[in-house]
$ cat input25.cif   # mmCIF, C-alpha atoms
data_work
loop_
_atom_site.label_atom_id
_atom_site.label_comp_id
_atom_site.auth_asym_id
_atom_site.auth_seq_id
_atom_site.Cartn_x
_atom_site.Cartn_y
_atom_site.Cartn_z
CA MET A 1 7.66 -26.24 -1.30
CA LYS A 2 5.21 -23.53 -0.39
CA ILE A 3 3.64 -22.07 -3.54
CA CYS A 4 1.53 -18.91 -3.47
CA ILE A 5 -0.80 -18.11 -6.38
CA CYS A 6 -1.92 -14.47 -6.61
CA GLY A 7 -5.20 -13.78 -8.37
CA GLY A 8 -8.66 -15.29 -8.37
CA GLY A 9 -9.64 -14.78 -12.00
CA ASN A 10 -9.89 -17.36 -14.77
CA LEU A 11 -6.19 -18.17 -14.75
CA GLY A 12 -6.05 -18.05 -10.95
CA HIS A 13 -8.76 -20.72 -10.77
CA GLY A 14 -7.06 -22.90 -13.38
CA VAL A 15 -3.51 -22.57 -12.06
CA THR A 16 -4.45 -22.99 -8.40
CA GLY A 17 -6.52 -26.10 -9.05
CA PHE A 18 -4.01 -27.56 -11.49
CA VAL A 19 -0.92 -27.08 -9.30
CA ALA A 20 -2.70 -28.21 -6.13
CA ALA A 21 -3.95 -31.37 -7.87
CA ARG A 22 -0.82 -32.26 -9.86
CA THR A 23 1.84 -31.65 -7.20
CA LYS A 24 2.32 -32.54 -3.54
CA HIS A 25 3.42 -29.05 -2.58
CA GLU A 26 1.55 -26.66 -0.29
CA VAL A 27 -0.52 -24.33 -2.45
CA ARG A 28 -1.93 -21.04 -1.17
CA LEU A 29 -4.15 -18.54 -2.96
CA LEU A 30 -4.21 -14.76 -2.48
CA THR A 31 -7.58 -13.39 -3.62
CA ARG A 32 -9.84 -10.49 -2.73
CA HIS A 33 -12.79 -12.79 -2.01
CA PRO A 34 -11.60 -15.80 0.03
CA GLU A 35 -15.06 -16.24 1.57
CA ARG A 36 -16.40 -17.33 -1.84
CA TRP A 37 -13.95 -20.21 -2.24
CA LYS A 38 -14.65 -23.84 -1.36
CA LYS A 39 -12.08 -26.25 0.01
CA SER A 40 -11.72 -28.11 -3.29
CA ILE A 41 -11.24 -26.72 -6.80
CA ILE A 42 -12.45 -28.87 -9.69
CA VAL A 43 -10.54 -28.39 -12.94
CA ASN A 44 -12.16 -29.86 -16.04
CA GLN A 45 -9.61 -30.94 -18.64
CA PRO A 46 -9.82 -30.95 -22.45
CA ASP A 47 -10.41 -34.04 -24.58
CA HIS A 48 -12.67 -35.67 -21.97
CA TRP A 49 -9.81 -36.37 -19.56
CA LEU A 50 -10.86 -36.92 -15.97
CA PRO A 51 -11.23 -33.70 -13.94
CA LEU A 52 -8.50 -32.68 -11.54
CA ILE A 53 -9.39 -31.85 -7.93
CA GLY A 54 -7.05 -29.53 -6.05
CA ASN A 55 -7.19 -28.68 -2.37
CA PRO A 56 -5.30 -25.47 -1.59
CA ALA A 57 -3.93 -25.30 1.94
CA LEU A 58 -4.92 -21.65 2.37
CA VAL A 59 -7.19 -19.13 0.62
CA THR A 60 -6.77 -15.64 2.01
CA ASN A 61 -6.93 -11.94 1.24
CA SER A 62 -3.97 -11.26 3.51
CA PRO A 63 -0.74 -10.70 1.53
CA GLU A 64 1.32 -11.37 4.67
CA GLU A 65 -0.35 -14.74 5.28
CA ALA A 66 -0.21 -15.76 1.65
CA VAL A 67 3.50 -15.20 0.99
CA ALA A 68 5.01 -15.77 4.45
CA GLY A 69 7.69 -18.42 3.99
CA ALA A 70 6.68 -19.03 0.37
CA ASP A 71 9.32 -20.49 -1.93
CA VAL A 72 7.48 -19.51 -5.11
CA VAL A 73 4.98 -16.76 -5.86
CA VAL A 74 3.06 -16.98 -9.15
CA LEU A 75 1.06 -13.99 -10.36
CA CYS A 76 -2.10 -14.69 -12.39
CA LEU A 77 -3.10 -11.06 -12.69
CA PRO A 78 -4.21 -8.48 -15.27
CA GLY A 79 -1.68 -5.78 -16.05
CA PHE A 80 -3.39 -3.11 -13.97
CA SER A 81 -3.10 -5.25 -10.80
CA ILE A 82 0.55 -6.30 -11.04
CA ARG A 83 2.18 -3.29 -9.39
CA GLU A 84 -0.47 -3.09 -6.67
CA VAL A 85 -0.01 -6.73 -5.64
CA LEU A 86 3.79 -6.54 -5.81
CA MET A 87 3.66 -3.56 -3.46
CA GLN A 88 1.41 -5.53 -1.09
CA ILE A 89 3.64 -8.61 -0.90
CA LYS A 90 7.16 -7.18 -1.17
CA ASP A 91 7.79 -6.72 2.56
CA SER A 92 6.65 -10.28 3.36
CA LEU A 93 8.70 -12.05 0.67
CA GLU A 94 11.60 -14.28 1.58
CA PRO A 95 14.82 -12.86 0.05
CA ASP A 96 15.26 -15.93 -2.16
CA ALA A 97 11.59 -16.47 -3.00
CA ILE A 98 11.10 -16.82 -6.75
CA VAL A 99 8.45 -14.41 -8.06
CA GLY A 100 6.95 -15.01 -11.47
CA SER A 101 4.02 -14.35 -13.74
CA VAL A 102 2.07 -16.53 -16.15
CA VAL A 103 1.34 -13.37 -18.16
CA SER A 104 4.50 -11.39 -18.91
CA SER A 105 3.33 -9.21 -21.79
CA THR A 106 1.52 -6.64 -19.61
CA GLY A 107 4.58 -5.23 -17.86
CA PHE A 108 5.47 -7.83 -15.22
CA PHE A 109 9.27 -7.58 -15.53
CA PHE A 110 9.28 -3.79 -15.76
CA GLU A 111 7.11 -3.50 -12.64
CA ALA A 112 8.91 -6.25 -10.68
CA MET A 113 12.35 -4.80 -11.39
CA ASP A 114 11.11 -1.43 -10.16
CA VAL A 115 9.25 -2.61 -7.02
CA LEU A 116 11.26 -5.61 -5.79
CA PRO A 117 14.94 -5.76 -4.74
CA PRO A 118 17.48 -6.40 -7.53
CA SER A 119 18.35 -9.68 -5.83
CA GLN A 120 14.79 -11.07 -5.98
CA PRO A 121 14.67 -13.96 -8.50
CA LEU A 122 12.10 -13.40 -11.24
CA PHE A 123 10.54 -15.50 -13.99
CA GLY A 124 7.89 -14.92 -16.62
CA LEU A 125 6.25 -17.18 -19.18
CA GLN A 126 6.14 -16.16 -22.83
CA ARG A 127 2.58 -17.48 -23.21
CA VAL A 128 0.05 -18.68 -20.65
CA PRO A 129 0.33 -22.41 -19.85
CA PHE A 130 -3.31 -22.94 -20.82
CA ILE A 131 -6.54 -21.11 -21.46
CA ALA A 132 -8.82 -21.37 -18.42
CA ARG A 133 -12.41 -20.33 -17.80
CA THR A 134 -14.24 -20.13 -14.48
CA VAL A 135 -17.32 -22.36 -14.35
CA GLU A 136 -18.34 -21.70 -10.74
CA TYR A 137 -16.46 -18.99 -8.89
CA GLY A 138 -14.28 -20.39 -6.14
CA HIS A 139 -15.00 -24.00 -6.97
CA GLU A 140 -14.77 -25.05 -10.62
CA ALA A 141 -12.83 -24.10 -13.75
CA SER A 142 -12.26 -25.56 -17.20
CA ILE A 143 -8.94 -25.77 -19.03
CA LEU A 144 -9.65 -25.42 -22.73
CA GLY A 145 -6.30 -26.55 -24.09
CA TYR A 146 -2.73 -27.32 -23.04
CA LYS A 147 0.44 -26.06 -24.73
CA ASP A 148 2.93 -28.59 -26.11
CA THR A 149 5.84 -26.50 -24.80
CA LEU A 150 6.39 -23.36 -22.76
CA ALA A 151 9.14 -20.74 -22.82
CA VAL A 152 10.32 -18.78 -19.78
CA ALA A 153 12.62 -15.84 -19.10
CA VAL A 154 14.50 -15.76 -15.81
CA GLU A 155 16.21 -12.68 -14.37
CA GLN A 156 18.08 -11.57 -11.21
CA THR A 157 19.39 -15.03 -10.33
CA TRP A 158 22.12 -17.42 -11.45
CA ARG A 159 19.74 -20.34 -10.82
CA LYS A 160 18.16 -20.04 -14.24
CA GLN A 161 18.04 -23.71 -15.14
CA GLU A 162 16.60 -24.57 -11.72
CA THR A 163 13.89 -21.98 -12.28
CA ARG A 164 13.15 -23.38 -15.74
CA GLN A 165 12.79 -26.84 -14.18
CA LEU A 166 10.48 -25.36 -11.55
CA CYS A 167 8.15 -24.04 -14.27
CA GLU A 168 8.28 -27.41 -16.01
CA MET A 169 7.19 -29.07 -12.79
CA LEU A 170 4.47 -26.53 -11.95
CA PHE A 171 2.75 -26.77 -15.33
CA ASN A 172 3.75 -30.32 -16.29
CA THR A 173 4.98 -29.09 -19.68
CA PRO A 174 8.43 -29.10 -21.35
CA THR A 175 9.87 -25.60 -20.86
CA GLN A 176 12.60 -23.74 -22.76
CA LEU A 177 14.83 -21.09 -21.15
CA LEU A 178 15.00 -17.82 -23.08
CA ASP A 179 17.86 -15.34 -23.12
CA SER A 180 16.14 -12.09 -22.17
CA HIS A 181 13.00 -10.83 -20.48
CA TYR A 182 12.32 -8.85 -23.67
CA GLU A 183 11.43 -12.18 -25.27
CA VAL A 184 8.42 -12.52 -22.97
CA SER A 185 7.67 -8.87 -22.23
CA LEU A 186 7.21 -8.06 -25.92
CA SER A 187 4.66 -10.65 -26.96
CA ASN A 188 2.92 -11.02 -30.28
CA SER A 189 0.18 -12.98 -28.54
CA ASN A 190 -2.64 -11.13 -26.73
CA PRO A 191 -1.20 -7.57 -26.98
CA LEU A 192 -1.38 -7.80 -30.79
CA LEU A 193 -3.95 -10.57 -31.25
CA HIS A 194 -6.81 -8.95 -29.36
CA PRO A 195 -6.35 -5.34 -30.57
CA SER A 196 -6.15 -6.40 -34.23
CA ARG A 197 -9.51 -8.16 -33.99
CA LEU A 198 -11.14 -5.42 -31.90
CA TYR A 199 -10.04 -2.77 -34.40
CA SER A 200 -11.41 -4.72 -37.36
CA LEU A 201 -14.72 -5.18 -35.54
CA TRP A 202 -15.38 -1.67 -34.34
CA ASN A 203 -13.01 0.93 -35.82
CA ASN A 204 -16.03 2.62 -37.42
CA TRP A 205 -18.16 2.49 -34.28
CA GLN A 206 -19.73 5.74 -33.12
CA PRO A 207 -21.61 6.46 -29.86
CA GLY A 208 -25.23 5.49 -30.39
CA THR A 209 -24.48 2.63 -32.78
CA VAL A 210 -26.14 -0.61 -31.65
CA TYR A 211 -25.41 -4.01 -33.23
CA ASP A 212 -28.04 -6.72 -33.60
CA ARG A 213 -25.76 -9.60 -32.59
CA GLN A 214 -22.64 -10.49 -30.59
CA PRO A 215 -20.10 -12.10 -32.95
CA LEU A 216 -17.76 -14.93 -32.03
CA PHE A 217 -14.33 -13.45 -31.40
CA TYR A 218 -12.21 -16.16 -33.03
CA GLU A 219 -14.56 -18.37 -35.04
CA GLU A 220 -15.56 -15.37 -37.18
CA TRP A 221 -12.03 -13.97 -37.49
CA THR A 222 -11.69 -11.97 -40.72
CA GLU A 223 -8.89 -11.54 -43.24
CA GLU A 224 -8.84 -7.83 -42.36
CA ALA A 225 -8.09 -8.68 -38.70
CA ALA A 226 -5.48 -11.21 -39.79
CA GLN A 227 -3.73 -8.62 -41.97
CA CYS A 228 -3.70 -6.11 -39.09
CA TYR A 229 -2.18 -8.82 -36.88
CA ILE A 230 0.52 -9.62 -39.46
CA ASP A 231 1.38 -5.94 -40.02
CA MET A 232 1.67 -5.24 -36.29
CA ASP A 233 3.85 -8.31 -35.88
CA ASN A 234 6.14 -7.17 -38.70
CA GLU A 235 6.65 -3.88 -36.85
CA LEU A 236 7.36 -5.75 -33.61
CA GLN A 237 9.87 -8.04 -35.34
CA THR A 238 11.75 -4.95 -36.60
CA LEU A 239 11.83 -3.64 -33.02
CA LEU A 240 13.21 -6.94 -31.71
CA GLY A 241 16.10 -6.58 -34.15
CA LYS A 242 17.10 -3.37 -32.35
CA LEU A 243 16.96 -4.89 -28.86
CA SER A 244 19.06 -7.51 -27.09
CA VAL A 245 16.91 -10.33 -28.40
CA ARG A 246 18.35 -13.22 -30.37
CA LYS A 247 17.03 -13.57 -33.89
CA GLY A 248 14.03 -15.89 -34.09
CA ALA A 249 13.44 -15.93 -30.33
CA LEU A 250 9.87 -14.75 -30.86
CA PRO A 251 8.38 -16.64 -33.81
CA THR A 252 6.40 -14.54 -36.26
CA VAL A 253 2.65 -15.01 -36.04
CA LEU A 254 2.69 -16.69 -39.44
CA ASP A 255 5.29 -19.20 -38.27
CA TYR A 256 3.61 -19.76 -34.90
CA TYR A 257 0.22 -20.43 -36.48
CA GLU A 258 1.72 -22.34 -39.42
CA SER A 259 0.24 -19.91 -41.93
CA THR A 260 1.49 -18.10 -45.03
CA ASP A 261 -0.77 -15.07 -45.44
CA ALA A 262 -3.85 -13.31 -44.07
CA PRO A 263 -6.42 -15.78 -45.48
CA SER A 264 -4.62 -18.85 -44.09
CA LEU A 265 -4.03 -17.14 -40.73
CA ALA A 266 -7.70 -16.19 -40.47
CA GLN A 267 -8.69 -19.77 -41.25
CA LYS A 268 -6.24 -21.10 -38.64
CA LEU A 269 -7.56 -18.82 -35.90
CA ARG A 270 -11.15 -19.74 -36.76
CA SER A 271 -10.33 -23.44 -36.37
CA ILE A 272 -8.50 -23.58 -33.01
CA GLU A 273 -10.53 -25.76 -30.65
CA ALA A 274 -9.55 -23.90 -27.47
CA PHE A 275 -10.82 -20.62 -28.97
CA LYS A 276 -14.28 -21.89 -29.84
CA GLY A 277 -17.32 -20.34 -28.20
CA ILE A 278 -15.57 -17.14 -27.09
CA LEU A 279 -17.75 -14.12 -27.82
CA ALA A 280 -16.58 -10.63 -28.70
CA PRO A 281 -16.63 -8.36 -25.62
CA MET A 282 -19.99 -6.59 -25.79
CA LYS A 283 -22.74 -5.39 -23.49
CA ALA A 284 -26.44 -5.95 -23.98
CA VAL A 285 -28.42 -2.73 -24.34
CA GLU A 286 -31.90 -1.90 -25.55
CA GLY A 287 -32.11 -3.05 -29.14
CA GLY A 288 -28.94 -5.16 -29.22
CA PHE A 289 -25.29 -4.92 -28.24
CA VAL A 290 -22.51 -2.33 -27.98
CA PRO A 291 -18.73 -2.81 -27.53
CA ASP A 292 -17.67 -3.32 -23.91
CA PHE A 293 -14.74 -0.93 -23.49
CA GLY A 294 -14.48 -2.04 -19.87
CA SER A 295 -13.53 -5.56 -20.96
CA ARG A 296 -10.01 -6.77 -20.17
CA TYR A 297 -9.48 -6.98 -23.94
CA PHE A 298 -9.43 -3.17 -23.79
CA THR A 299 -8.35 -2.34 -20.23
CA GLU A 300 -5.40 -4.76 -20.25
CA ASP A 301 -4.19 -5.18 -23.80
CA PHE A 302 -4.09 -1.53 -24.84
CA PRO A 303 -2.73 0.43 -21.82
CA TYR A 304 -0.40 -2.35 -20.66
CA GLY A 305 0.52 -4.93 -23.31
CA LEU A 306 0.39 -2.87 -26.50
CA ALA A 307 1.47 0.34 -24.75
CA ILE A 308 4.88 -1.17 -23.91
CA ILE A 309 5.45 -2.18 -27.52
CA HIS A 310 4.19 1.19 -28.80
CA ARG A 311 6.55 3.10 -26.49
CA LEU A 312 9.60 1.06 -27.47
CA LEU A 313 8.79 1.33 -31.18
CA HIS A 314 8.98 5.10 -30.86
CA GLU A 315 12.05 5.06 -28.60
CA LYS A 316 13.90 2.96 -31.19
CA ASN A 317 12.57 4.98 -34.14
CA VAL A 318 10.83 2.02 -35.77
CA SER A 319 8.19 2.92 -38.35
CA SER A 320 4.92 1.57 -36.98
CA PRO A 321 1.88 2.96 -38.83
CA THR A 322 -0.39 -0.02 -38.10
CA THR A 323 0.49 -0.24 -34.41
CA ASP A 324 0.12 3.54 -34.05
CA ARG A 325 -3.29 3.55 -35.72
CA ILE A 326 -4.69 0.66 -33.67
CA PHE A 327 -3.15 1.81 -30.38
CA ASP A 328 -4.49 5.35 -30.78
CA TRP A 329 -7.95 3.98 -31.62
CA GLY A 330 -7.96 1.68 -28.58
CA MET A 331 -6.91 4.42 -26.20
CA LYS A 332 -9.71 6.65 -27.52
CA CYS A 333 -12.16 3.84 -26.82
CA LEU A 334 -10.84 3.60 -23.26
CA SER A 335 -11.31 7.33 -22.80
CA LEU A 336 -14.98 6.86 -23.71
CA TYR A 337 -15.27 4.13 -21.08
CA SER A 338 -13.74 6.32 -18.37
CA GLN A 339 -16.10 9.23 -18.99
#
$ encode --input "input25.cif" --output "structure tokens"
Amino acid sequence: MKICICGGGNLGHGVTGFVAARTKHEVRLLTRHPERWKKSIIVNQPDHWLPLIGNPALVTNSPEEAVAGADVVVLCLPGFSIREVLMQIKDSLEPDAIVGSVVSSTGFFFEAMDVLPPSQPLFGLQRVPFIARTVEYGHEASILGYKDTLAVAVEQTWRKQETRQLCEMLFNTPTQLLDSHYEVSLSNSNPLLHPSRLYSLWNNWQPGTVYDRQPLFYEEWTEEAAQCYIDMDNELQTLLGKLSVRKGALPTVLDYYESTDAPSLAQKLRSIEAFKGILAPMKAVEGGFVPDFGSRYFTEDFPYGLAIIHRLLHEKNVSSPTTDRIFDWGMKCLSLYSQ
């Protein structure tokens, strides 16, 4: 097969290198900066496994070159880039090319169903296949942890099981087929996880406030942030009950993290190996640090991931005081960044 990966960020590095190394298929990469990429991509694996070395057949900034004749197109993009890239590639796609996203909670299905033909097969993962970090741009990345299983939603095709098997092959992970794209579009992962922690960190921040240190995002997770996360998830679970989503399709955060309350959830999040070493998004300024409202934690998770949930909560008349409070706060922070 010909597989096109779109996006040269952390996930783009990890997915491109992983798929190119683990499969015998032709892998291409669509990125804005092809001149910065080397012929081989090294992917460091967790638990001291030997690194993978992938050799993509093509790295280009030409959408036409990247997707011409491609059987599969995989988006590894932030929410604000999805529509733009879909518009760039749509006229070069094969009619039966399968288009998917490793991040579905920032509007992928809504954008794809609007931009692409109704006959274009689509898939989206419920959670990313792994956490990846770029070590050297265009050459080396590290995978911080693999998932035991993945879940995928497939739309606009009768070949759903084939598409599920395709995802299983691409990411070398057992993959479950879900019933509806709502099960991946409305995620209680990043769109709730990140905002709950950001709000607990800085909801009292005022312009001019400078902090003396940059906290660890997960390893210093607080019970307050955990309670915000639980409350937002409870509101989302009520929403799912009013949509065409089978009961239990999206595990509660307490079930997913094998926790019972805010203290045990906070402890669980502090202990996850793949989360260790990740700093809160801040910028260095004279005298210390200030929140970085230009970070993807703000620019992606509020106006794309959480915004979808917030809109549907109101459309379905679901009481959502915690989501409303945190969403409104995050959007105000973004307005400060855009000034």
$ closest_residue --input "input25.cif" --among "A:Glu140, A:Asp91, A:Glu315, A:Asp301" --to "Val15 (chain A)" --atoms "only C-alpha atoms"
A:Glu140
$ residues_near_point --input "input25.cif" --point "(0.0, 0.8, -37.3)" --cutoff "12 Å" --atoms "all atoms listed in the file" --output "ChimeraX atom specification"
/A:192,195-196,199,227-236,306,309-310,313-314,318-330
$ atom_distance --input "input25.cif" --atom1 "CA of His139 (chain A)" --atom2 "CA of Lys39 (chain A)"
7.9 Å
$ residues_around --input "input25.cif" --residues "Met87 (chain A)" --least-positions-apart "3" --cutoff "10 Å" --atoms "all atoms listed in the file" --output "VMD selection string"
chain A and resid 63 82 to 84 90 to 91 111 to 112 115 to 116
$ atom_distance --input "input25.cif" --atom1 "CA of Phe18 (chain A)" --atom2 "CA of Ile42 (chain A)"
8.7 Å
$ atom_distance --input "input25.cif" --atom1 "CA of Arg164 (chain A)" --atom2 "CA of Ala132 (chain A)"
22.2 Å
